[in-house]
Amino acid sequence: MNNNIIEIDDNKFKNDYNEINNYSRLNKDIEGVPIISSSLEVSTYSVEDYYKTYYPEYKIIKFCNFTFVRMGRLLTFYFDKTNNYVPRFSIGPHWYLTIVLYLLILSLVLLIYFSIMKKLSNTKNIIYFLFVFSVYYFVFCAALMHPKVIMNKKKNSSEYGYCSLCKAYYNPYNKVEHCPDCEVCFEKMDHHCVWVGKCVAKNNTFYFYGMIVDVVIFYIYIIYCAILISLEKRKNKSM
C-alpha cells in the first residue's frame with residue numbers, strides 16, 4: 001500500500017491566497033503591474049491618466065490625437081487597454097539606422113534586378129519580389145514590435161532581482177537585462193541591434209531571426225539565378 005501522502009500546509013495556502021487577493025485589491029496583478037479592475041474602468045481610463053498615476057517617471061507626449069509614452073529612450077504607442085495598457089509598438093533610439101537599412105536593401109534589390117533578374121522569366125521575377133516583400137516585412141516587424149519592457153514596481157519574493165536604473169523588480173529566470181542604449185530592462189533579452197533601432201527581446205525575437213533566415217534563403221536564390229544566366233551565356237557561346 002502506498003503511504004506517500006502529500007501534506008498541505010493550510011497556513012501557507014491561506015497566506016498565498018490572501019496575498020493574491022491583496023494584489024487584486026491594490027489593482028495589481030501577481031507580477032506587481034497595475035491593472036484595471038473592471039470593464040467600466042477600462043472604457044473611462046485614458047492612457048495619459050493611467051501612466052501619470054502608475055508610472056510618473058515615463059514621459060507622456062501628445063501629438064494631435066495620438067498619445068506616446070517615452071520609456072527610457074523608447075517611444076511607445078498603440079496601447080492595449082485589455083492588458084494593463086501595455087504598448088504594442090515602439091520606436092528605438094537608433095530608428096534612423098533602420099531607415100538606412102531600408103534604403104540599402106532597396107538599392108541592392110534594384111541593382112540585382114537590373115543586372116540579373118531582368119534577364120530571366122516572369123515566374124522567377126515574381127519569386128524574387130516575393131522574397132523582397134518578406135524581407136521588408138520581417139525588418140518592419142522587428143523594428144516596430146514592442147520588445148517587452150520590465151514595468152514591475154513591486155517586489156514579490158526574496159528571489160526577485162532589482163534594477164536601480166529602471167527602479168523595477170524582475171524575475172531572474174526570465175533572462176532580464178538592462179540595455180544602456182535603450183535605458184530600460186527587457187524580458188528575454190537577446191541583444192541590442194542598431195539596424196532595427198532597438199533591442200531584440202521577447203516580442204520581436206521571432207521577426208529578427210525570421211529576417212536572417214529569409215535573407216540567407218534569398219541570397220541562395222539570387223546565386224541560383226546568377227548561375228542560370230552564366231550557364232545560358234556559355235550555351236550561347238558554344239553554339
# chains A, B, ... in the order shown; residues from 1 in each chain; ligands from 1
>>> residues_around(residues="Tyr96 (chain A)", least_positions_apart="3", cutoff="8 Å", atoms="only C-alpha atoms", output="list of chain:residue names")
A:Ile99, A:Val100, A:Gly197
>>> closest_residue(among="A:Pro93, A:His192, A:Tyr128, A:Leu101", to="Tyr113 (chain A)", atoms="only C-alpha atoms")
A:Tyr128
>>> select_by_dssp(residues="region 3-226 of chain A", states="alpha helix (DSSP H)", output="VMD selection string")
chain A and resid 10 to 25 39 to 44 47 to 54 95 to 115 122 to 144 205 to 226
>>> closest_atom_pairs(of="region 53-93 of chain A", to="region 154-166 of chain A", cutoff="12 Å", atoms="only C-alpha atoms", output="Markdown table")
| residue | atom | partner | partner_atom | distance |
| --- | --- | --- | --- | --- |
| A:Tyr54 | CA | A:Lys154 | CA | 11.7 |
| A:Tyr55 | CA | A:Cys166 | CA | 11.3 |
| A:Glu57 | CA | A:Cys166 | CA | 9.5 |
| A:Tyr58 | CA | A:Cys166 | CA | 10.6 |
| A:Met71 | CA | A:Cys166 | CA | 9.6 |
| A:Gly72 | CA | A:Cys166 | CA | 8.4 |
| A:Arg73 | CA | A:Cys166 | CA | 11.9 |
>>> write_last_selection(atoms="N, CA and C atoms", output="CSV table (one decimal), in the first residue's frame")
chain,number,residue,atom,x,y,z
A,54,TYR,N,0.4,55.5,-12.4
A,54,TYR,CA,1.2,54.4,-12.0
A,54,TYR,C,2.7,54.5,-12.4
A,55,TYR,N,3.0,55.2,-13.5
A,55,TYR,CA,4.3,55.4,-14.0
A,55,TYR,C,4.7,56.8,-14.3
A,57,GLU,N,7.3,58.3,-13.9
A,57,GLU,CA,8.6,58.5,-14.5
A,57,GLU,C,8.7,58.5,-16.0
A,58,TYR,N,7.6,57.9,-16.6
A,58,TYR,CA,7.6,57.9,-18.1
A,58,TYR,C,7.0,59.2,-18.6
A,71,MET,N,9.5,55.5,-22.7
A,71,MET,CA,10.1,54.6,-21.7
A,71,MET,C,11.6,54.5,-21.9
A,72,GLY,N,12.4,55.2,-21.1
A,72,GLY,CA,13.8,55.2,-21.4
A,72,GLY,C,14.0,56.0,-22.6
A,73,ARG,N,14.6,55.4,-23.6
A,73,ARG,CA,14.8,56.0,-25.0
A,73,ARG,C,13.9,55.4,-26.0
>>> closest_residue(among="A:Asp80, A:Asp190, A:Asp181, A:Asp49", to="Thr205 (chain A)", atoms="only C-alpha atoms")
A:Asp190
>>> select_by_dssp(residues="region 20-168 of chain A", states="strand (DSSP E)", output="VMD selection string")
chain A and resid 59 to 63 66 to 71 74 to 80 86 to 91 161 to 163 168
>>> closest_residue(among="A:Leu106, A:Ile126, A:Val135, A:Leu111", to="Val216 (chain A)", atoms="only C-alpha atoms")
A:Val135
>>> residues_around(residues="Ala226 (chain A)", least_positions_apart="6", cutoff="10 Å", atoms="only C-alpha atoms", output="JSON, numbers by chain")
{"A": [112, 115, 116, 117, 119, 120, 220, 232]}
>>> residues_around(residues="Val69 (chain A)", least_positions_apart="2", cutoff="12 Å", atoms="only C-alpha atoms", output="MDAnalysis selection string")
chainID A and resid 47:52 55:63 66:67 71:79 85:91
>>> residues_around(residues="Ile150 (chain A)", least_positions_apart="5", cutoff="9 Å", atoms="only C-alpha atoms", output="list in words")
Cys166, Ala168, Tyr169, Tyr170, Val176, Val184, Cys185, Phe186 and Glu187 of chain A
>>> atom_distance(atom1="CA of Leu104 (chain A)", atom2="CA of Val139 (chain A)")
12.4 Å
>>> closest_residue(among="A:Phe140, A:Tyr173, A:Phe208, A:Phe218", to="Ile127 (chain A)", atoms="only C-alpha atoms")
A:Phe218
>>> atom_distance(atom1="CA of Lys198 (chain A)", atom2="CA of Ala142 (chain A)")
9.1 Å
